[in-house]
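Trainee: Below is the file model39.txt, with compact mmCIF, C-alpha atoms and all ligand atoms.
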# COMPACT_ATOMS: atom_id res chain seq x y z
CA MET A 66 0.00 0.00 0.00
CA THR A 67 1.37 3.44 -0.91
CA GLY A 68 0.93 6.64 1.03
CA LEU A 69 0.27 7.21 4.69
CA ALA A 70 -2.64 5.42 6.35
CA ILE A 71 -3.75 6.70 9.75
CA ARG A 72 -6.53 5.14 11.78
CA VAL A 73 -6.91 6.40 15.29
CA ARG A 74 -9.51 6.52 18.06
CA LEU A 75 -8.51 8.59 21.05
CA PRO A 76 -10.90 10.05 23.63
CA ARG A 77 -10.48 13.72 24.46
CA PRO A 78 -12.41 15.62 27.18
CA ASP A 79 -14.96 17.01 24.70
CA PHE A 80 -14.97 14.46 21.89
CA LEU A 81 -13.48 11.32 20.45
CA LEU A 82 -10.73 11.84 17.91
CA ASP A 83 -11.89 9.31 15.37
CA CYS A 84 -10.00 9.38 12.06
CA ASP A 85 -9.50 6.95 9.25
CA LEU A 86 -7.34 8.60 6.62
CA HIS A 87 -5.42 7.50 3.60
CA LEU A 88 -3.07 10.26 2.51
CA PRO A 89 -0.94 10.57 -0.64
CA ALA A 90 2.68 9.41 -0.67
CA SER A 91 3.99 12.88 -1.46
CA GLY A 92 2.89 16.49 -1.53
CA ILE A 93 1.29 18.66 1.14
CA THR A 94 -1.80 17.49 2.97
CA ALA A 95 -3.31 20.52 4.73
CA VAL A 96 -5.05 19.65 8.00
CA PHE A 97 -7.64 22.33 8.53
CA GLY A 98 -10.34 22.79 11.13
CA PRO A 99 -11.54 24.95 13.99
CA SER A 100 -9.42 25.49 17.06
CA GLY A 101 -9.49 22.42 19.29
CA SER A 102 -10.76 20.08 16.54
CA GLY A 103 -7.87 17.67 17.04
CA LYS A 104 -5.32 18.70 14.40
CA THR A 105 -2.29 18.73 16.69
CA THR A 106 -3.46 15.55 18.39
CA LEU A 107 -3.65 13.83 15.00
CA LEU A 108 -0.04 14.80 14.21
CA ARG A 109 1.05 13.67 17.67
CA CYS A 110 -0.56 10.27 17.01
CA VAL A 111 1.44 9.91 13.79
CA ALA A 112 4.58 10.83 15.74
CA GLY A 113 3.83 8.27 18.45
CA LEU A 114 3.51 10.97 21.10
CA GLU A 115 0.00 9.84 22.12
CA ARG A 116 -1.04 6.40 23.25
CA PRO A 117 -4.40 5.72 21.64
CA ALA A 118 -6.02 2.43 22.63
CA GLN A 119 -6.85 1.90 18.97
CA ALA A 120 -4.42 3.03 16.33
CA ARG A 121 -2.90 2.00 13.06
CA VAL A 122 -0.22 4.04 11.30
CA VAL A 123 1.26 2.62 8.12
CA LEU A 124 3.72 4.46 5.89
CA GLN A 125 4.31 3.00 2.44
CA GLY A 126 3.46 -0.47 3.64
CA GLU A 127 5.65 -0.19 6.74
CA THR A 128 3.67 -0.44 9.97
CA TRP A 129 4.61 2.04 12.67
CA GLU A 130 1.72 1.22 14.93
CA ASP A 131 -0.98 -1.43 15.03
CA SER A 132 -2.84 -1.75 18.30
CA GLU A 133 -4.53 -4.97 17.18
CA ARG A 134 -1.13 -6.63 16.81
CA GLY A 135 0.32 -4.89 19.86
CA LEU A 136 2.89 -3.20 17.64
CA ARG A 137 4.10 0.29 18.42
CA LEU A 138 7.33 1.96 17.30
CA PRO A 139 8.48 4.56 19.79
CA THR A 140 8.80 8.11 18.49
CA HIS A 141 12.58 7.98 18.10
CA ARG A 142 12.28 4.97 15.79
CA ARG A 143 9.76 6.67 13.49
CA PRO A 144 11.62 8.38 10.63
CA LEU A 145 9.81 11.70 10.77
CA GLY A 146 10.54 15.39 11.05
CA TYR A 147 8.40 17.65 13.24
CA VAL A 148 8.30 21.43 12.89
CA PHE A 149 6.40 23.54 15.42
CA GLN A 150 5.07 27.07 15.48
CA GLU A 151 8.12 28.29 17.39
CA ALA A 152 11.46 27.00 16.18
CA SER A 153 13.06 25.33 19.17
CA LEU A 154 16.70 25.62 18.14
CA PHE A 155 19.64 25.29 20.51
CA ASP A 156 20.61 28.88 21.31
CA HIS A 157 24.20 28.00 22.25
CA LEU A 158 24.88 26.39 18.86
CA ASP A 159 25.14 28.17 15.54
CA VAL A 160 23.03 27.09 12.56
CA ALA A 161 25.64 24.57 11.38
CA GLY A 162 25.87 23.16 14.93
CA ASN A 163 22.10 22.79 15.20
CA LEU A 164 21.97 20.94 11.90
CA ARG A 165 24.96 18.72 12.72
CA PHE A 166 23.31 17.75 16.01
CA ALA A 167 20.19 16.47 14.22
CA HIS A 168 22.36 14.88 11.56
CA ARG A 169 24.45 12.91 14.06
CA ARG A 170 21.38 11.71 15.94
CA ALA A 171 19.90 10.34 12.74
CA GLY A 172 22.91 8.05 12.17
CA ARG A 173 22.86 6.24 8.87
CA ASP A 174 19.44 7.67 7.82
CA ALA A 175 20.75 11.24 7.88
CA ALA A 176 20.31 13.39 4.77
CA PRO A 177 23.39 15.14 3.31
CA LEU A 178 23.46 18.65 4.77
CA GLN A 179 24.74 20.70 1.84
CA PRO A 180 21.75 20.13 -0.49
CA LEU A 181 19.45 20.91 2.44
CA LEU A 182 21.19 24.20 3.11
CA GLU A 183 20.70 25.07 -0.53
CA LEU A 184 17.14 23.78 -0.68
CA LEU A 185 16.18 26.16 2.12
CA GLY A 186 18.51 29.03 1.18
CA ILE A 187 20.38 29.06 4.49
CA ALA A 188 23.92 28.20 3.37
CA GLY A 189 25.02 31.76 4.15
CA LEU A 190 23.66 31.64 7.70
CA GLN A 191 25.67 28.68 9.00
CA GLY A 192 27.84 30.67 11.38
CA ARG A 193 24.96 32.54 13.04
CA ARG A 194 23.31 31.74 16.34
CA PRO A 195 19.48 31.49 16.47
CA GLY A 196 19.36 34.88 18.26
CA GLU A 197 20.92 36.45 15.18
CA LEU A 198 18.27 35.17 12.77
CA SER A 199 14.92 36.63 11.69
CA GLY A 200 11.79 34.62 12.54
CA GLY A 201 11.54 33.43 8.94
CA GLU A 202 15.18 32.37 8.84
CA ARG A 203 14.79 30.52 12.16
CA GLN A 204 11.84 28.57 10.78
CA ARG A 205 13.82 27.68 7.65
CA VAL A 206 16.61 26.37 9.86
CA ALA A 207 14.07 24.44 11.95
CA ILE A 208 12.71 22.84 8.77
CA ALA A 209 16.24 22.01 7.58
CA ARG A 210 16.98 20.48 10.98
CA ALA A 211 13.84 18.33 10.73
CA LEU A 212 14.91 17.22 7.25
CA ALA A 213 18.52 16.54 8.28
CA THR A 214 17.35 13.36 9.99
CA GLY A 215 16.27 11.98 6.59
CA PRO A 216 12.56 11.74 7.51
CA ARG A 217 10.03 9.84 5.46
CA VAL A 218 7.20 12.06 6.72
CA LEU A 219 7.32 15.76 7.59
CA LEU A 220 4.85 17.05 10.20
CA LEU A 221 4.39 20.83 10.23
CA ASP A 222 2.20 22.26 12.99
CA GLU A 223 1.35 25.87 12.11
CA PRO A 224 4.96 26.57 11.12
CA LEU A 225 4.19 30.12 9.97
CA ALA A 226 1.67 31.16 12.62
CA ALA A 227 4.18 33.12 14.70
CA LEU A 228 5.43 35.09 11.70
CA ASP A 229 4.13 38.38 10.34
CA LEU A 230 2.79 38.57 6.81
CA ALA A 231 6.09 39.65 5.27
CA ARG A 232 7.99 36.75 6.89
CA ARG A 233 5.26 34.30 5.88
CA ARG A 234 5.52 35.45 2.28
CA GLU A 235 9.27 35.02 2.46
CA ILE A 236 9.05 31.40 3.60
CA LEU A 237 6.16 30.11 1.45
CA PRO A 238 8.26 29.69 -1.71
CA TRP A 239 10.71 27.52 0.25
CA LEU A 240 7.90 25.30 1.45
CA GLU A 241 6.64 25.01 -2.12
CA ARG A 242 10.11 23.97 -3.17
CA LEU A 243 10.16 21.24 -0.53
CA ARG A 244 6.75 20.07 -1.69
CA ASP A 245 8.00 19.81 -5.28
CA GLU A 246 11.42 18.32 -4.58
CA LEU A 247 10.93 15.97 -1.63
CA ARG A 248 9.01 12.85 -2.41
CA ILE A 249 7.57 12.45 1.10
CA PRO A 250 4.16 13.19 2.61
CA MET A 251 3.98 16.53 4.42
CA LEU A 252 1.15 17.02 6.93
CA TYR A 253 0.60 20.71 7.37
CA VAL A 254 -1.64 22.08 10.12
CA THR A 255 -2.74 25.64 9.49
CA HIS A 256 -5.53 28.12 10.15
CA ALA A 257 -4.63 30.17 7.09
CA GLY A 258 -6.84 29.55 4.07
CA ASP A 259 -4.37 31.34 1.80
CA GLU A 260 -1.60 28.89 2.71
CA VAL A 261 -3.92 25.97 1.92
CA ALA A 262 -4.97 27.44 -1.43
CA ARG A 263 -1.41 28.18 -2.42
CA MET A 264 0.44 25.07 -1.36
CA ALA A 265 -1.71 22.10 -0.49
CA ASP A 266 -2.38 19.17 -2.79
CA HIS A 267 -4.77 17.36 -0.48
CA LEU A 268 -7.12 18.70 2.19
CA VAL A 269 -8.31 17.11 5.41
CA LEU A 270 -11.12 18.95 7.20
CA LEU A 271 -11.41 18.06 10.87
CA ASP A 272 -14.32 18.98 13.08
CA ALA A 273 -14.61 17.94 16.73
CA GLY A 274 -12.29 14.99 16.16
CA ARG A 275 -14.07 13.73 13.03
CA VAL A 276 -12.95 13.86 9.42
CA ARG A 277 -15.51 15.98 7.59
CA ALA A 278 -13.66 15.61 4.30
CA SER A 279 -10.43 14.27 2.90
CA GLY A 280 -9.57 14.58 -0.77
CA PRO A 281 -7.64 16.38 -3.50
CA LEU A 282 -7.65 20.10 -2.73
CA ALA A 283 -9.57 21.54 -5.70
CA GLU A 284 -12.17 18.79 -5.59
CA THR A 285 -12.72 19.21 -1.85
CA LEU A 286 -12.95 23.02 -1.96
CA ALA A 287 -15.57 22.76 -4.69
CA ARG A 288 -17.82 20.45 -2.67
CA ILE A 289 -21.16 22.03 -1.92
CA ASP A 290 -22.26 19.46 0.62
CA LEU A 291 -19.77 20.90 3.12
CA PRO A 292 -19.83 24.23 4.87
CA ALA A 293 -17.32 26.58 3.28
CA VAL A 294 -13.86 26.31 4.78
CA PRO A 295 -14.22 28.34 7.98
CA GLY A 296 -13.38 31.98 7.47
CA GLU A 297 -13.25 31.55 3.70
CA GLU A 298 -15.78 32.46 1.08
CA ALA A 299 -17.07 29.68 -1.15
CA GLY A 300 -14.99 29.46 -4.28
CA ALA A 301 -13.17 27.09 -6.58
CA LEU A 302 -9.48 26.63 -7.11
CA LEU A 303 -8.19 25.97 -10.61
CA HIS A 304 -4.85 24.34 -11.29
CA GLY A 305 -3.53 25.59 -14.60
CA ALA A 306 -0.57 26.96 -16.53
CA ILE A 307 0.10 30.25 -18.24
CA GLY A 308 -0.78 30.09 -21.95
CA GLN A 309 -0.66 33.00 -24.37
CA ARG A 310 -0.22 36.65 -23.35
CA ASP A 311 -1.87 39.78 -24.59
CA ALA A 312 0.87 42.35 -24.13
CA ARG A 313 -1.27 45.27 -25.23
CA TRP A 314 -3.82 44.73 -22.44
CA GLN A 315 -1.45 43.15 -19.93
CA LEU A 316 -3.46 39.97 -19.77
CA ALA A 317 -2.34 36.36 -19.59
CA GLU A 318 -4.31 33.25 -20.36
CA VAL A 319 -4.48 30.50 -17.76
CA ARG A 320 -5.16 27.15 -19.35
CA PHE A 321 -6.70 24.47 -17.20
CA GLU A 322 -8.21 21.11 -18.01
CA GLY A 323 -11.59 21.98 -19.49
CA GLY A 324 -11.04 25.63 -20.43
CA ALA A 325 -9.05 28.83 -20.15
CA LEU A 326 -9.39 32.18 -18.38
CA TRP A 327 -7.73 35.54 -18.86
CA ILE A 328 -6.23 37.13 -15.77
CA ALA A 329 -4.08 40.18 -15.09
CA ASP A 330 -0.65 39.21 -16.42
CA PRO A 331 1.45 38.08 -13.45
CA GLY A 332 4.61 38.14 -15.57
CA PHE A 333 5.27 34.41 -15.54
CA ALA A 334 6.58 32.62 -18.63
CA SER A 335 4.33 30.47 -20.76
CA GLY A 336 3.85 27.04 -19.22
CA HIS A 337 4.44 28.30 -15.67
CA PRO A 338 2.06 26.42 -13.33
CA VAL A 339 -0.40 28.63 -11.46
CA ARG A 340 -3.39 28.32 -9.18
CA VAL A 341 -6.34 30.60 -9.69
CA HIS A 342 -9.10 31.30 -7.20
CA VAL A 343 -12.59 31.97 -8.54
CA LEU A 344 -15.09 33.02 -5.90
CA ALA A 345 -18.64 31.69 -6.27
CA ARG A 346 -20.03 35.22 -6.05
CA ASP A 347 -17.95 36.23 -9.08
CA VAL A 348 -19.52 33.60 -11.33
CA SER A 349 -22.93 34.27 -12.92
CA LEU A 350 -24.84 31.96 -15.22
CA ALA A 351 -26.60 32.37 -18.56
CA LEU A 352 -28.33 29.98 -20.95
CA VAL A 353 -26.90 31.59 -24.09
CA PRO A 354 -23.41 33.00 -24.58
CA PRO A 355 -23.64 36.64 -23.53
CA GLN A 356 -23.09 39.23 -26.25
CA GLN A 357 -21.42 42.59 -25.79
CA SER A 358 -20.59 42.01 -22.18
CA SER A 359 -17.68 43.49 -20.30
CA ILE A 360 -17.00 40.05 -18.91
CA GLN A 361 -14.10 38.48 -20.81
CA ASN A 362 -14.26 35.01 -19.40
CA VAL A 363 -17.23 32.97 -20.47
CA LEU A 364 -17.01 29.21 -20.15
CA PRO A 365 -19.39 26.49 -21.28
CA ALA A 366 -20.24 24.32 -18.29
CA ILE A 367 -22.64 21.67 -17.06
CA VAL A 368 -24.52 22.00 -13.77
CA ARG A 369 -23.51 19.15 -11.47
CA ALA A 370 -25.31 19.95 -8.25
CA ILE A 371 -27.20 22.71 -6.46
CA ALA A 372 -27.25 23.36 -2.72
CA PRO A 373 -28.65 26.04 -0.42
CA GLY A 374 -26.36 29.06 -0.36
CA GLY A 375 -26.51 30.23 3.24
CA HIS A 376 -29.44 32.68 2.96
CA PRO A 377 -32.83 31.37 1.69
CA SER A 378 -32.54 33.70 -1.32
CA GLN A 379 -29.23 32.15 -2.36
CA ALA A 380 -28.10 28.92 -3.98
CA LEU A 381 -24.67 27.49 -4.61
CA VAL A 382 -24.28 25.79 -7.97
CA GLN A 383 -21.47 23.37 -8.70
CA LEU A 384 -20.41 23.40 -12.36
CA ALA A 385 -18.19 21.13 -14.41
CA CYS A 386 -15.96 22.66 -17.08
CA GLY A 387 -14.60 19.37 -18.36
CA PRO A 388 -12.97 17.77 -15.32
CA THR A 389 -12.55 21.14 -13.55
CA LEU A 390 -15.12 22.24 -11.00
CA LEU A 391 -16.39 25.80 -10.52
CA LEU A 392 -18.87 27.24 -8.04
CA SER A 393 -21.46 29.90 -8.73
CA ARG A 394 -23.61 31.76 -6.24
CA VAL A 395 -26.96 32.76 -7.72
CA THR A 396 -30.38 33.62 -6.33
CA THR A 397 -32.94 30.89 -5.89
CA ARG A 398 -35.11 32.98 -8.20
CA SER A 399 -32.48 32.54 -10.94
CA VAL A 400 -32.39 28.80 -10.28
CA GLU A 401 -36.07 28.70 -11.10
CA ALA A 402 -35.98 31.20 -13.98
CA LEU A 403 -33.11 29.40 -15.74
CA GLU A 404 -34.51 25.98 -14.77
CA LEU A 405 -31.13 25.06 -13.36
CA ALA A 406 -30.80 21.40 -12.52
CA PRO A 407 -28.05 18.78 -12.69
CA GLY A 408 -27.13 18.09 -16.31
CA ARG A 409 -28.23 21.53 -17.60
CA SER A 410 -25.80 23.23 -20.01
CA VAL A 411 -24.99 26.81 -19.08
CA TRP A 412 -22.50 29.57 -19.76
CA ALA A 413 -20.50 30.56 -16.73
CA GLN A 414 -19.44 34.20 -16.77
CA VAL A 415 -16.42 34.67 -14.59
CA LYS A 416 -16.25 38.28 -13.48
CA SER A 417 -13.02 38.01 -11.59
CA ALA A 418 -10.32 35.41 -11.13
CA ALA A 419 -7.31 35.95 -8.92
CA LEU A 420 -3.94 34.33 -8.98
CA VAL A 421 -3.27 32.60 -5.69
CA ALA A 422 -0.04 34.09 -4.35
N1 LIG B 1 -2.82 15.92 26.54
C1 LIG B 1 -4.13 16.18 26.47
N2 LIG B 1 -4.99 15.60 27.32
C2 LIG B 1 -6.31 15.84 27.24
N3 LIG B 1 -6.85 16.65 26.34
C3 LIG B 1 -6.06 17.26 25.47
C4 LIG B 1 -4.65 17.06 25.48
N4 LIG B 1 -4.11 17.79 24.46
C5 LIG B 1 -5.13 18.42 23.88
N5 LIG B 1 -6.29 18.11 24.45
C6 LIG B 1 -7.65 18.57 24.07
O1 LIG B 1 -7.97 17.90 22.86
C7 LIG B 1 -8.66 18.76 21.98
C8 LIG B 1 -7.94 18.86 20.66
O2 LIG B 1 -6.73 19.60 20.84
P1 LIG B 1 -5.73 19.86 19.65
O3 LIG B 1 -4.57 20.64 20.18
O4 LIG B 1 -5.43 18.59 18.95
O5 LIG B 1 -6.61 20.77 18.67
P2 LIG B 1 -6.16 21.66 17.43
O6 LIG B 1 -7.19 21.41 16.37
O7 LIG B 1 -4.75 21.42 17.08
O8 LIG B 1 -6.37 23.11 18.02
P3 LIG B 1 -5.62 24.51 17.66
O9 LIG B 1 -6.05 24.86 16.28
O10 LIG B 1 -6.21 25.46 18.66
O11 LIG B 1 -4.16 24.30 17.83
C9 LIG B 1 -8.82 20.09 22.70
O12 LIG B 1 -10.09 20.11 23.30
C10 LIG B 1 -7.72 20.05 23.74
O13 LIG B 1 -8.07 20.82 24.87
What is this structure when it is put down as structure tokens?
Mentor:
Amino acid sequence: MTGLAIRVRLPRPDFLLDCDLHLPASGITAVFGPSGSGKTTLLRCVAGLERPAQARVVLQGETWEDSERGLRLPTHRRPLGYVFQEASLFDHLDVAGNLRFAHRRAGRDAAPLQPLLELLGIAGLQGRRPGELSGGERQRVAIARALATGPRVLLLDEPLAALDLARRREILPWLERLRDELRIPMLYVTHAGDEVARMADHLVLLDAGRVRASGPLAETLARIDLPAVPGEEAGALLHGAIGQRDARWQLAEVRFEGGALWIADPGFASGHPVRVHVLARDVSLALVPPQQSSIQNVLPAIVRAIAPGGHPSQALVQLACGPTLLLSRVTTRSVEALELAPGRSVWAQVKSAALVA
């Protein structure tokens, strides 16, 4: 079996953490949910820091824990890296010393340090002590230290939460690089919807210890049977690549499976992968292609499902543009007037689409 399988039942004062997850073998799985929903506890179970009566943790066919068979690897025998909100580096050691410490402890599993220093852009900081680093630099060193042990899973518990916006923006590209270059599962707990939209490949939604959803990011965000991700407006995420440019109007085409959209030119080369966020309220529907409209992006689509949209006057419509899903928020009056129902062909007019950055 590939990937990371986690089955755990662990009572907590207010609820039972009850998860049965099968996560991809690589890429970022964002673990999202309200405060106290069990996100940290779930990561601690993977790390072997909790003792659930019932648990099964299997990484790429290798069993780390199986309560039915009485098998349980202690934390230090689980090849994983753990990064917390606050980087807990040794203050008396410089960056190189901190990394060497982790490296030595890992023994034969250790990852070579030089590529890690380059991967995280910290080669020039090796002689500095943690007190001489910015918050963002400290977190990059903490991540490098976690990776120096040669982990086969990386657990990140709100690694950017203690940083201000500028520092967060500085570190996100490094995390994206790790996601693209390391072929290991990364479990990433966050409260920040923008981090999920930008980096995650897979999304787990936890609520009071239960898994409300677990699936590929775009597919899960476009589900209308779930409440919108807390704090976020309903919208769809498109994975695409830059196509042609219109230099005169400073526009760039984003091609995705099932269609294309024009967005403000972000300056990326053709073929550059991008993610685009399209809010449900920015998508209106028509039965014929609109003529003489200011809206540039009009996509043929098929209605897949319709759900209540929060207020009784509103509905949320899930649309398929080929294999890509979009959401549209319309009035219930429009649902009736346009006879919207699953299978109906429509034209989706996308008023605004924003690059996720
Ligand atoms: N060691 C413990 N013993 C008993 N209960 C605990 C323990 N650790 C956490 N809890 C409780 O378990 C629940 C889940 O906590 P957890 O830290 O996993 O949530 P979380 O989703 O990570 O929250 P946050 O987003 O606020 O960090 C909370 O109600 C918490 O008070």
Trainee: Which residues come within 12 Å of Leu291 in chain A, counting only C-alpha atoms, excluding same-chain residues fewer than 4 positions away, as a PDB file with C-alpha atoms, in the coordinates of the input?
Mentor:
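Result went into selection_37.pdb, see below:
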ATOM      1  CA  LEU A 270     -11.120  18.950   7.200  1.00  0.00           C
ATOM      2  CA  LEU A 271     -11.410  18.060  10.870  1.00  0.00           C
ATOM      3  CA  ASP A 272     -14.320  18.980  13.080  1.00  0.00           C
ATOM      4  CA  VAL A 276     -12.950  13.860   9.420  1.00  0.00           C
ATOM      5  CA  ARG A 277     -15.510  15.980   7.590  1.00  0.00           C
ATOM      6  CA  ALA A 278     -13.660  15.610   4.300  1.00  0.00           C
ATOM      7  CA  SER A 279     -10.430  14.270   2.900  1.00  0.00           C
ATOM      8  CA  GLU A 284     -12.170  18.790  -5.590  1.00  0.00           C
ATOM      9  CA  THR A 285     -12.720  19.210  -1.850  1.00  0.00           C
ATOM     10  CA  LEU A 286     -12.950  23.020  -1.960  1.00  0.00           C
ATOM     11  CA  ALA A 287     -15.570  22.760  -4.690  1.00  0.00           C
ATOM     12  CA  PRO A 295     -14.220  28.340   7.980  1.00  0.00           C
ATOM     13  CA  ALA A 299     -17.070  29.680  -1.150  1.00  0.00           C
ATOM     14  CA  ALA A 372     -27.250  23.360  -2.720  1.00  0.00           C
ATOM     15  CA  PRO A 373     -28.650  26.040  -0.420  1.00  0.00           C
ATOM     16  CA  GLY A 374     -26.360  29.060  -0.360  1.00  0.00           C
ATOM     17  CA  GLY A 375     -26.510  30.230   3.240  1.00  0.00           C
ATOM     18  CA  LEU A 381     -24.670  27.490  -4.610  1.00  0.00           C
TER      19      LEU A 381
END
Trainee: Please tabulate, as a Markdown table, the residues of chain A that come within 9 Å of ligand LIG 1 (chain B), each with its closest pair of atoms and the distance in Å to one decimal, counting all atoms listed in the file and ordering rows by chain, then residue number upward.
Mentor:
| residue | atom | partner | partner_atom | distance |
| --- | --- | --- | --- | --- |
| A:Pro76 | CA | B:LIG1 | N3 | 8.2 |
| A:Arg77 | CA | B:LIG1 | N3 | 5.0 |
| A:Pro78 | CA | B:LIG1 | N3 | 5.7 |
| A:Asp79 | CA | B:LIG1 | O12 | 5.9 |
| A:Phe80 | CA | B:LIG1 | O12 | 7.6 |
| A:Leu81 | CA | B:LIG1 | O1 | 8.9 |
| A:Leu82 | CA | B:LIG1 | C8 | 8.0 |
| A:Val96 | CA | B:LIG1 | O6 | 8.8 |
| A:Phe97 | CA | B:LIG1 | O6 | 7.9 |
| A:Gly98 | CA | B:LIG1 | O6 | 6.3 |
| A:Pro99 | CA | B:LIG1 | O9 | 5.9 |
| A:Ser100 | CA | B:LIG1 | O9 | 3.5 |
| A:Gly101 | CA | B:LIG1 | O5 | 3.4 |
| A:Ser102 | CA | B:LIG1 | O6 | 3.8 |
| A:Gly103 | CA | B:LIG1 | O4 | 3.2 |
| A:Lys104 | CA | B:LIG1 | O6 | 3.8 |
| A:Thr105 | CA | B:LIG1 | O7 | 3.7 |
| A:Thr106 | CA | B:LIG1 | O4 | 3.7 |
| A:Leu107 | CA | B:LIG1 | O4 | 6.4 |
| A:Leu108 | CA | B:LIG1 | O4 | 8.1 |
| A:Arg109 | CA | B:LIG1 | O4 | 8.2 |
| A:Glu115 | CA | B:LIG1 | N1 | 8.0 |
| A:Asp222 | CA | B:LIG1 | O7 | 8.1 |
| A:Glu223 | CA | B:LIG1 | O11 | 8.1 |
| A:Val254 | CA | B:LIG1 | O7 | 7.7 |
| A:Thr255 | CA | B:LIG1 | O9 | 7.6 |
| A:His256 | CA | B:LIG1 | O9 | 7.0 |
| A:Leu271 | CA | B:LIG1 | O6 | 7.7 |
| A:Asp272 | CA | B:LIG1 | O6 | 8.2 |
| A:Ala273 | CA | B:LIG1 | C8 | 7.8 |
| A:Gly274 | CA | B:LIG1 | C8 | 7.4 |
Trainee: Range 271-373 of chain A near range 392-407 of chain A within 6 Å: what's each residue's closest atom pair and its distance in Å to one decimal, counting all atoms listed in the file, ordered by chain then ascending residue number, as JSON lines?
Mentor:
{"residue": "A:Gly300", "atom": "CA", "partner": "A:Leu392", "partner_atom": "CA", "distance": 5.8}
{"residue": "A:Ala301", "atom": "CA", "partner": "A:Leu392", "partner_atom": "CA", "distance": 5.9}
{"residue": "A:Ala345", "atom": "CA", "partner": "A:Ser393", "partner_atom": "CA", "distance": 4.1}
{"residue": "A:Arg346", "atom": "CA", "partner": "A:Arg394", "partner_atom": "CA", "distance": 5.0}
{"residue": "A:Val348", "atom": "CA", "partner": "A:Ser393", "partner_atom": "CA", "distance": 4.9}
{"residue": "A:Val368", "atom": "CA", "partner": "A:Pro407", "partner_atom": "CA", "distance": 4.9}
{"residue": "A:Arg369", "atom": "CA", "partner": "A:Pro407", "partner_atom": "CA", "distance": 4.7}
{"residue": "A:Ala370", "atom": "CA", "partner": "A:Pro407", "partner_atom": "CA", "distance": 5.3}
Trainee: If I put a ball of radius 9 Å at (5.5, 23.5, -1.6) in the file's coordinates, which residues poke into it when counting all atoms listed in the file, written as JSON, numbers by chain?
Mentor: {"A": [92, 93, 237, 238, 239, 240, 241, 242, 243, 244, 245, 246, 263, 264, 265]}
Trainee: Measuring between only C-alpha atoms, which one of A:Ser132, A:Asn362, A:Thr67, A:Thr94 shows the shortest distance to Pro281 in chain A?
Mentor: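 The shortest atom-to-atom distance to Pro281 in chain A comes from A:Thr94.
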Trainee: Between A:Gly186, A:Val339, A:Ser410, A:Pro89, which is the closest to Asp266 in chain A once you count all atoms listed in the file?
Mentor: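 When distances to Asp266 in chain A are compared using all atoms listed in the file, the smallest one comes from A:Pro89.
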Trainee: Using only C-alpha atoms, which of the listed residues (A:Ala171, A:Leu86, A:Leu220, A:Val343) sits closest to Ala120 in chain A?
Mentor: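 Comparing A:Ala171, A:Leu86, A:Leu220, A:Val343 against Ala120 in chain A, the winner is A:Leu86.
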Trainee: What separation in Å, quoted to one decimal, exists between CA of Ser199 in chain A and CA of Arg232 in chain A?
Mentor: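 Taking CA of Ser199 in chain A and CA of Arg232 in chain A, their separation equals 8.4 Å.
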Trainee: How many Å lie between CA of Ala211 in chain A and CA of Leu136 in chain A, rounded to one decimal?
Mentor: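 CA of Leu136 in chain A lies at a distance of 25.1 Å from CA of Ala211 in chain A.
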Trainee: Quick one, how far is CA of Glu260 in chain A from CA of His168 in chain A?
Mentor: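 If I compute the distance from CA of Glu260 in chain A to CA of His168 in chain A, I get 29.1 Å.
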Trainee: Got a sec: who's within 12 Å of Gly324 in chain A, counting all atoms listed in the file, leaving out chain neighbours fewer than 4 positions off, as a count of residues only?
Mentor: 21
Trainee: Looking at all atoms listed in the file, which of A:Gln361, A:Gln414, A:Gln119, A:Gln125 is the one that sits closest to Ala90 in chain A?
Mentor: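 Smallest distance to Ala90 in chain A is found for A:Gln125.
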Trainee: Kindly indicate which residue among A:Gln191, A:Ser358, A:Thr140, A:Gln179 lies nearest to Ala161 in chain A, using only C-alpha atoms for the distances.
Mentor: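 The closest residue to Ala161 in chain A is A:Gln191.
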Trainee: For Arg142 in chain A, find every residue with an atom within 12 Å (counting only C-alpha atoms), except residues of its own chain fewer than 3 positions away, and show them as a PDB file with C-alpha atoms, keeping the file's coordinate frame.
Mentor:
ATOM      1  CA  ALA A 112       4.580  10.830  15.740  1.00  0.00           C
ATOM      2  CA  GLY A 113       3.830   8.270  18.450  1.00  0.00           C
ATOM      3  CA  LEU A 114       3.510  10.970  21.100  1.00  0.00           C
ATOM      4  CA  THR A 128       3.670  -0.440   9.970  1.00  0.00           C
ATOM      5  CA  TRP A 129       4.610   2.040  12.670  1.00  0.00           C
ATOM      6  CA  GLU A 130       1.720   1.220  14.930  1.00  0.00           C
ATOM      7  CA  ARG A 137       4.100   0.290  18.420  1.00  0.00           C
ATOM      8  CA  LEU A 138       7.330   1.960  17.300  1.00  0.00           C
ATOM      9  CA  PRO A 139       8.480   4.560  19.790  1.00  0.00           C
ATOM     10  CA  LEU A 145       9.810  11.700  10.770  1.00  0.00           C
ATOM     11  CA  GLY A 146      10.540  15.390  11.050  1.00  0.00           C
ATOM     12  CA  ARG A 170      21.380  11.710  15.940  1.00  0.00           C
ATOM     13  CA  ALA A 171      19.900  10.340  12.740  1.00  0.00           C
ATOM     14  CA  GLY A 172      22.910   8.050  12.170  1.00  0.00           C
ATOM     15  CA  ASP A 174      19.440   7.670   7.820  1.00  0.00           C
ATOM     16  CA  THR A 214      17.350  13.360   9.990  1.00  0.00           C
ATOM     17  CA  PRO A 216      12.560  11.740   7.510  1.00  0.00           C
ATOM     18  CA  ARG A 217      10.030   9.840   5.460  1.00  0.00           C
TER      19      ARG A 217
END
Trainee: Would you place a box with edges along x, y and z of the file around all atoms of range 94-110 of chain A listed there, add 8 Å to each of its six sides, and report the centre and edge lengths in Å to one decimal, as AutoDock Vina command-line options?
Mentor:
--center_x -5.2 --center_y 17.9 --center_z 11.1 --size_x 28.6 --size_y 31.2 --size_z 32.3
